[in-house]
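Asks: File coords28.cif below, mmCIF, C-alpha atoms:
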```cif
data_model
#
loop_
_atom_site.group_PDB
_atom_site.id
_atom_site.type_symbol
_atom_site.label_atom_id
_atom_site.label_comp_id
_atom_site.auth_asym_id
_atom_site.auth_seq_id
_atom_site.Cartn_x
_atom_site.Cartn_y
_atom_site.Cartn_z
ATOM 1 C CA MET E 1 11.555 -6.229 -15.966
ATOM 2 C CA GLY E 2 11.908 -9.462 -14.060
ATOM 3 C CA PRO E 3 9.373 -11.127 -11.794
ATOM 4 C CA ASP E 4 8.782 -9.334 -8.515
ATOM 5 C CA ARG E 5 10.977 -6.376 -9.442
ATOM 6 C CA ILE E 6 10.066 -3.561 -7.082
ATOM 7 C CA VAL E 7 10.002 0.023 -8.300
ATOM 8 C CA ALA E 8 9.621 2.722 -5.657
ATOM 9 C CA ILE E 9 7.432 5.759 -6.271
ATOM 10 C CA LEU E 10 8.389 8.886 -4.333
ATOM 11 C CA MET E 11 5.820 11.373 -5.593
ATOM 12 C CA ASP E 12 3.010 13.621 -4.487
ATOM 13 C CA ARG E 13 -0.458 12.745 -5.777
ATOM 14 C CA SER E 14 -0.591 13.649 -9.465
ATOM 15 C CA VAL E 15 -1.413 12.358 -12.919
ATOM 16 C CA GLU E 16 2.267 11.460 -13.273
ATOM 17 C CA MET E 17 2.069 9.339 -10.120
ATOM 18 C CA LEU E 18 -0.799 7.321 -11.597
ATOM 19 C CA VAL E 19 1.053 6.986 -14.911
ATOM 20 C CA GLY E 20 4.011 5.645 -12.928
ATOM 21 C CA VAL E 21 1.898 3.053 -11.087
ATOM 22 C CA LEU E 22 0.259 1.845 -14.302
ATOM 23 C CA GLY E 23 3.595 1.785 -16.144
ATOM 24 C CA ILE E 24 5.248 -0.298 -13.426
ATOM 25 C CA LEU E 25 2.410 -2.821 -13.471
ATOM 26 C CA LYS E 26 2.347 -2.962 -17.288
ATOM 27 C CA ALA E 27 6.092 -3.656 -17.291
ATOM 28 C CA GLY E 28 5.561 -6.580 -14.914
ATOM 29 C CA GLY E 29 6.899 -4.922 -11.786
ATOM 30 C CA ALA E 30 5.500 -4.211 -8.365
ATOM 31 C CA TYR E 31 5.200 -0.680 -7.026
ATOM 32 C CA LEU E 32 6.315 0.593 -3.642
ATOM 33 C CA PRO E 33 4.644 3.906 -2.777
ATOM 34 C CA ILE E 34 6.640 6.213 -0.491
ATOM 35 C CA ASP E 35 5.283 9.435 0.977
ATOM 36 C CA PRO E 36 7.718 12.286 0.190
ATOM 37 C CA ALA E 37 6.777 13.901 3.527
ATOM 38 C CA LEU E 38 8.420 11.077 5.500
ATOM 39 C CA PRO E 39 11.761 11.701 7.213
ATOM 40 C CA ALA E 40 14.744 10.987 4.925
ATOM 41 C CA GLU E 41 16.004 8.251 7.264
ATOM 42 C CA ARG E 42 12.740 6.325 6.943
ATOM 43 C CA ILE E 43 12.695 6.752 3.144
ATOM 44 C CA ARG E 44 16.278 5.444 2.948
ATOM 45 C CA TYR E 45 15.329 2.479 5.138
ATOM 46 C CA MET E 46 12.349 1.543 2.949
ATOM 47 C CA LEU E 47 14.334 1.896 -0.276
ATOM 48 C CA GLY E 48 17.135 -0.294 1.068
ATOM 49 C CA ASP E 49 14.950 -2.869 2.785
ATOM 50 C CA SER E 50 12.721 -3.344 -0.277
ATOM 51 C CA GLY E 51 15.586 -3.964 -2.671
ATOM 52 C CA ALA E 52 14.155 -1.447 -5.122
ATOM 53 C CA MET E 53 16.536 -0.779 -8.012
ATOM 54 C CA VAL E 54 14.516 2.037 -9.608
ATOM 55 C CA LEU E 55 12.934 5.114 -8.071
ATOM 56 C CA LEU E 56 10.263 7.135 -9.854
ATOM 57 C CA SER E 57 10.176 10.667 -8.539
ATOM 58 C CA GLN E 58 9.191 14.192 -9.437
ATOM 59 C CA PRO E 59 11.453 17.197 -9.916
ATOM 60 C CA GLY E 60 12.502 18.895 -6.699
ATOM 61 C CA LEU E 61 12.220 15.879 -4.410
ATOM 62 C CA ASP E 62 15.292 14.591 -2.604
ATOM 63 C CA PRO E 63 15.964 10.937 -3.552
ATOM 64 C CA CYS E 64 17.544 10.535 -0.075
ATOM 65 C CA GLY E 65 20.817 9.076 -1.322
ATOM 66 C CA PHE E 66 19.163 6.350 -3.400
ATOM 67 C CA GLU E 67 21.910 4.606 -5.371
ATOM 68 C CA GLY E 68 19.756 2.967 -8.047
ATOM 69 C CA ALA E 69 18.272 4.554 -11.149
ATOM 70 C CA VAL E 70 16.192 7.673 -10.453
ATOM 71 C CA ILE E 71 13.616 8.590 -13.099
ATOM 72 C CA GLU E 72 11.802 11.906 -12.807
ATOM 73 C CA LEU E 73 8.304 11.824 -14.270
ATOM 74 C CA THR E 74 6.830 15.088 -15.443
ATOM 75 C CA SER E 75 3.980 16.051 -17.718
ATOM 76 C CA ARG E 76 6.708 16.714 -20.281
ATOM 77 C CA SER E 77 8.393 13.310 -19.970
ATOM 78 C CA GLN E 78 8.966 11.862 -23.394
ATOM 79 C CA ALA E 79 7.769 8.413 -24.331
ATOM 80 C CA GLN E 80 10.702 6.112 -25.062
ATOM 81 C CA SER E 81 8.822 3.453 -26.951
ATOM 82 C CA GLU E 82 5.401 2.789 -28.327
ATOM 83 C CA ALA E 83 5.972 -0.963 -28.264
ATOM 84 C CA ASN E 84 3.475 -3.010 -26.335
ATOM 85 C CA PRO E 85 5.527 -5.977 -25.149
ATOM 86 C CA PRO E 86 3.661 -9.075 -24.038
ATOM 87 C CA LEU E 87 3.420 -9.618 -20.316
ATOM 88 C CA GLU E 88 3.734 -13.070 -18.810
ATOM 89 C CA LEU E 89 0.710 -13.342 -16.547
ATOM 90 C CA ASP E 90 1.220 -14.879 -13.129
ATOM 91 C CA SER E 91 -1.247 -14.228 -10.327
ATOM 92 C CA ARG E 92 1.476 -14.983 -7.769
ATOM 93 C CA ARG E 93 3.665 -12.069 -8.846
ATOM 94 C CA LEU E 94 3.825 -9.062 -6.600
ATOM 95 C CA ALA E 95 1.504 -6.181 -7.408
ATOM 96 C CA TYR E 96 2.687 -3.791 -4.702
ATOM 97 C CA VAL E 97 4.520 -3.473 -1.404
ATOM 98 C CA ILE E 98 3.155 -1.335 1.436
ATOM 99 C CA TYR E 99 5.196 -0.535 4.526
ATOM 100 C CA THR E 100 3.618 -0.511 7.969
ATOM 101 C CA SER E 101 3.737 2.573 10.155
ATOM 102 C CA GLY E 102 6.666 1.193 12.135
ATOM 103 C CA THR E 103 5.183 2.029 15.526
ATOM 104 C CA THR E 104 7.032 -0.922 17.066
ATOM 105 C CA GLY E 105 10.406 -0.112 15.502
ATOM 106 C CA ASN E 106 11.350 -0.232 11.832
ATOM 107 C CA PRO E 107 8.478 -0.408 9.364
ATOM 108 C CA LYS E 108 7.847 -3.775 7.752
ATOM 109 C CA GLY E 109 7.067 -4.328 4.098
ATOM 110 C CA VAL E 110 3.887 -6.229 3.276
ATOM 111 C CA MET E 111 4.047 -7.848 -0.162
ATOM 112 C CA ILE E 112 0.726 -8.201 -1.979
ATOM 113 C CA GLU E 113 0.305 -10.488 -4.986
ATOM 114 C CA HIS E 114 -1.965 -9.801 -7.947
ATOM 115 C CA ARG E 115 -4.313 -12.635 -6.973
ATOM 116 C CA ALA E 116 -5.022 -10.970 -3.617
ATOM 117 C CA VAL E 117 -5.834 -7.666 -5.328
ATOM 118 C CA ILE E 118 -8.150 -9.343 -7.840
ATOM 119 C CA ASN E 119 -9.868 -11.344 -5.097
ATOM 120 C CA ARG E 120 -10.618 -8.159 -3.147
ATOM 121 C CA LEU E 121 -11.797 -6.237 -6.217
ATOM 122 C CA GLN E 122 -14.096 -9.086 -7.288
ATOM 123 C CA TRP E 123 -15.571 -9.309 -3.784
ATOM 124 C CA MET E 124 -16.191 -5.566 -3.734
ATOM 125 C CA GLN E 125 -17.811 -5.604 -7.177
ATOM 126 C CA ASN E 126 -20.086 -8.475 -6.134
ATOM 127 C CA ARG E 127 -21.001 -6.819 -2.834
ATOM 128 C CA TYR E 128 -21.177 -3.187 -3.991
ATOM 129 C CA PRO E 129 -21.576 -3.262 -7.772
ATOM 130 C CA ILE E 130 -20.459 -0.214 -9.709
ATOM 131 C CA GLY E 131 -21.234 0.512 -13.336
ATOM 132 C CA GLU E 132 -20.541 2.974 -16.130
ATOM 133 C CA GLN E 133 -22.521 5.762 -14.489
ATOM 134 C CA ASP E 134 -20.697 5.540 -11.160
ATOM 135 C CA VAL E 135 -17.741 7.618 -10.045
ATOM 136 C CA ILE E 136 -14.977 6.615 -7.627
ATOM 137 C CA LEU E 137 -13.175 9.277 -5.633
ATOM 138 C CA GLN E 138 -9.445 8.635 -5.218
ATOM 139 C CA LYS E 139 -9.035 10.137 -1.751
ATOM 140 C CA THR E 140 -6.675 7.739 -0.005
ATOM 141 C CA PRO E 141 -2.909 8.310 -0.221
ATOM 142 C CA ILE E 142 -1.273 5.537 -2.266
ATOM 143 C CA THR E 143 0.830 4.592 0.742
ATOM 144 C CA PHE E 144 -2.282 2.920 2.230
ATOM 145 C CA ASP E 145 -3.752 -0.272 0.812
ATOM 146 C CA VAL E 146 -7.290 1.147 0.550
ATOM 147 C CA SER E 147 -5.978 3.249 -2.336
ATOM 148 C CA VAL E 148 -5.693 0.063 -4.408
ATOM 149 C CA TRP E 149 -9.467 -0.359 -4.714
ATOM 150 C CA GLU E 150 -9.893 3.343 -5.428
ATOM 151 C CA LEU E 151 -7.275 3.158 -8.188
ATOM 152 C CA PHE E 152 -8.294 -0.134 -9.813
ATOM 153 C CA TRP E 153 -11.871 -1.099 -8.921
ATOM 154 C CA TRP E 154 -13.249 0.824 -11.884
ATOM 155 C CA GLY E 155 -11.061 -1.184 -14.329
#
```
If you convert what's in this file into structure tokens, what do you get?
Replies:
Amino acid sequence: MGPDRIVAILMDRSVEMLVGVLGILKAGGAYLPIDPALPAERIRYMLGDSGAMVLLSQPGLDPCGFEGAVIELTSRSQAQSEANPPLELDSRRLAYVIYTSGTTGNPKGVMIEHRAVINRLQWMQNRYPIGEQDVILQKTPITFDVSVWELFWWG
């Protein structure tokens, strides 16, 4: 996967969704979370505007005419490889893309680099330290940036 390759995730909250996010990041890509409850027109707009070439989804969801590769993740998805390829680290690569609500017209994609995520997580850990005995509740939908700290702060 090349630098700044965006992979869209059109899934309800699930273990498979988290596996998808982690897999995209491990492969060197950036994830674009899309709420399946959005109108099809808005989903199509975000998929086209982002340049995503791959869409991770779950069975039963409409890919809204997406013309790239659609991969359905299920608890029965089979692993294709156990290889652990090296990842070229670059803090300036995209980690994720979040689209705004679009209240002033079309939504706009906000591209967040890894260094911004790490900066925020380090600040939070310094300000509100968590340890082995703590628990983080993942309550925020992954289409909002607050979900990033809930998903990765513990790591």
Asks: Selection in question (the file shown): the PyMOL selection byres ((chain E and resi 64) around 9). Which residues does it include, as a count of residues only?
Replies: 9
Asks: Would you mind listing what lies within 10 Å of stretch 86-101 of chain E as a ChimeraX atom specification, with all atoms listed in the file counted and same-chain residues fewer than 5 positions away left out?
Replies: /E:1,3-8,21,24-34,46,50,106-118,142-145,148
Asks: Name the residues that the PyMOL selection byres ((chain E and resi 134-141) around 12) picks from the file above, as a count of residues only, using the file's chain letters and numbers.
Replies: 33
Asks: Report as JSON the centre and the edge lengths, in Å to one decimal, of the axis-aligned box holding every listed atom of stretch 110-125 of chain E, padded by 3 Å on each side.
Replies:
```
{"center_x": -6.9, "center_y": -9.1, "center_z": -2.3, "size_x": 27.9, "size_y": 13.1, "size_z": 17.2}
```
Asks: To one decimal place in Å, what is the distance between atom CA of E:Gln58 and atom CA of E:Gly23?
Replies: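 Those two atoms sit 15.2 Å apart.
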Asks: With distances taken over only C-alpha atoms, which residue among E:Glu67, E:Ile9, E:Gly105, E:Glu82 lies nearest E:Arg42?
Replies: E:Gly105
Asks: Interatomic distance between atom CA of E:Pro85 and atom CA of E:Leu56?
Replies: 20.7 Å
Asks: Go ahead and compute the interatomic distance for atom CA of E:Leu10 and atom CA of E:Leu22, in Å to one decimal.
Replies: 14.7 Å
Asks: Mind listing as a list in words all residues within 10 Å of (8.8, 18.2, -15.4), counting only C-alpha atoms?
Replies: Glu16, Gln58, Pro59, Gly60, Glu72, Leu73, Thr74, Ser75, Arg76 and Ser77 of chain E
Asks: Mind rebuilding stretch 113-124 of chain E with all heavy atoms and writing that out as a short mmCIF file (atom, residue, chain, number, x, y, z; two decimals), in the coordinates of the input?
Replies:
```cif
data_model
loop_
_atom_site.label_atom_id
_atom_site.label_comp_id
_atom_site.auth_asym_id
_atom_site.auth_seq_id
_atom_site.Cartn_x
_atom_site.Cartn_y
_atom_site.Cartn_z
N GLU E 113 0.32 -9.90 -3.65
CA GLU E 113 0.30 -10.49 -4.99
C GLU E 113 -0.93 -10.04 -5.76
O GLU E 113 -1.95 -9.66 -5.18
CB GLU E 113 0.32 -12.02 -4.89
CG GLU E 113 1.58 -12.57 -4.25
CD GLU E 113 1.53 -14.08 -4.06
OE1 GLU E 113 0.42 -14.67 -4.06
OE2 GLU E 113 2.62 -14.67 -3.90
N HIS E 114 -0.85 -10.18 -7.08
CA HIS E 114 -1.96 -9.80 -7.95
C HIS E 114 -3.24 -10.56 -7.59
O HIS E 114 -4.33 -9.99 -7.59
CB HIS E 114 -1.62 -10.06 -9.42
CG HIS E 114 -0.70 -9.05 -9.99
ND1 HIS E 114 -1.13 -7.86 -10.50
CD2 HIS E 114 0.65 -9.04 -10.12
CE1 HIS E 114 -0.10 -7.16 -10.94
NE2 HIS E 114 1.00 -7.85 -10.71
N ARG E 115 -3.12 -11.84 -7.27
CA ARG E 115 -4.31 -12.64 -6.97
C ARG E 115 -5.07 -12.10 -5.76
O ARG E 115 -6.29 -12.15 -5.71
CB ARG E 115 -3.97 -14.11 -6.81
CG ARG E 115 -3.07 -14.40 -5.64
CD ARG E 115 -2.58 -15.83 -5.68
NE ARG E 115 -1.72 -16.07 -4.53
CZ ARG E 115 -1.72 -17.20 -3.86
NH1 ARG E 115 -2.53 -18.17 -4.20
NH2 ARG E 115 -0.90 -17.35 -2.85
N ALA E 116 -4.36 -11.55 -4.79
CA ALA E 116 -5.02 -10.97 -3.62
C ALA E 116 -5.78 -9.70 -4.00
O ALA E 116 -6.89 -9.46 -3.52
CB ALA E 116 -4.00 -10.67 -2.52
N VAL E 117 -5.17 -8.90 -4.87
CA VAL E 117 -5.83 -7.67 -5.33
C VAL E 117 -7.10 -8.01 -6.10
O VAL E 117 -8.17 -7.45 -5.84
CB VAL E 117 -4.88 -6.82 -6.21
CG1 VAL E 117 -5.62 -5.62 -6.79
CG2 VAL E 117 -3.65 -6.39 -5.43
N ILE E 118 -6.99 -8.95 -7.03
CA ILE E 118 -8.15 -9.34 -7.84
C ILE E 118 -9.24 -9.93 -6.97
O ILE E 118 -10.43 -9.63 -7.15
CB ILE E 118 -7.73 -10.34 -8.95
CG1 ILE E 118 -6.76 -9.68 -9.92
CG2 ILE E 118 -8.95 -10.89 -9.68
CD1 ILE E 118 -7.28 -8.41 -10.58
N ASN E 119 -8.88 -10.76 -6.01
CA ASN E 119 -9.87 -11.34 -5.10
C ASN E 119 -10.65 -10.25 -4.38
O ASN E 119 -11.89 -10.29 -4.31
CB ASN E 119 -9.17 -12.25 -4.09
CG ASN E 119 -10.15 -12.95 -3.17
OD1 ASN E 119 -11.09 -13.58 -3.62
ND2 ASN E 119 -9.92 -12.82 -1.87
N ARG E 120 -9.95 -9.25 -3.86
CA ARG E 120 -10.62 -8.16 -3.15
C ARG E 120 -11.52 -7.35 -4.08
O ARG E 120 -12.64 -6.99 -3.73
CB ARG E 120 -9.56 -7.25 -2.49
CG ARG E 120 -10.11 -6.01 -1.85
CD ARG E 120 -11.07 -6.33 -0.70
NE ARG E 120 -11.65 -5.12 -0.19
CZ ARG E 120 -11.94 -4.88 1.05
NH1 ARG E 120 -11.72 -5.81 1.95
NH2 ARG E 120 -12.47 -3.74 1.43
N LEU E 121 -11.01 -7.02 -5.28
CA LEU E 121 -11.80 -6.24 -6.22
C LEU E 121 -13.05 -7.00 -6.67
O LEU E 121 -14.13 -6.40 -6.79
CB LEU E 121 -10.95 -5.84 -7.43
CG LEU E 121 -9.81 -4.87 -7.14
CD1 LEU E 121 -8.98 -4.64 -8.39
CD2 LEU E 121 -10.31 -3.56 -6.56
N GLN E 122 -12.93 -8.29 -6.90
CA GLN E 122 -14.10 -9.09 -7.29
C GLN E 122 -15.12 -9.14 -6.16
O GLN E 122 -16.32 -9.04 -6.40
CB GLN E 122 -13.68 -10.49 -7.71
CG GLN E 122 -13.00 -10.51 -9.05
CD GLN E 122 -12.54 -11.90 -9.46
OE1 GLN E 122 -12.31 -12.78 -8.62
NE2 GLN E 122 -12.39 -12.10 -10.76
N TRP E 123 -14.65 -9.30 -4.92
CA TRP E 123 -15.57 -9.31 -3.78
C TRP E 123 -16.31 -7.98 -3.70
O TRP E 123 -17.53 -7.96 -3.52
CB TRP E 123 -14.82 -9.57 -2.48
CG TRP E 123 -15.74 -9.46 -1.29
CD1 TRP E 123 -16.55 -10.43 -0.80
CD2 TRP E 123 -15.97 -8.29 -0.51
NE1 TRP E 123 -17.27 -9.94 0.27
CE2 TRP E 123 -16.93 -8.61 0.46
CE3 TRP E 123 -15.46 -6.99 -0.54
CZ2 TRP E 123 -17.39 -7.70 1.39
CZ3 TRP E 123 -15.92 -6.09 0.40
CH2 TRP E 123 -16.87 -6.44 1.36
N MET E 124 -15.56 -6.88 -3.84
CA MET E 124 -16.19 -5.57 -3.73
C MET E 124 -17.21 -5.35 -4.85
O MET E 124 -18.30 -4.81 -4.61
CB MET E 124 -15.14 -4.45 -3.77
CG MET E 124 -14.32 -4.42 -2.49
SD MET E 124 -13.14 -3.09 -2.45
CE MET E 124 -14.23 -1.69 -2.35
#
```
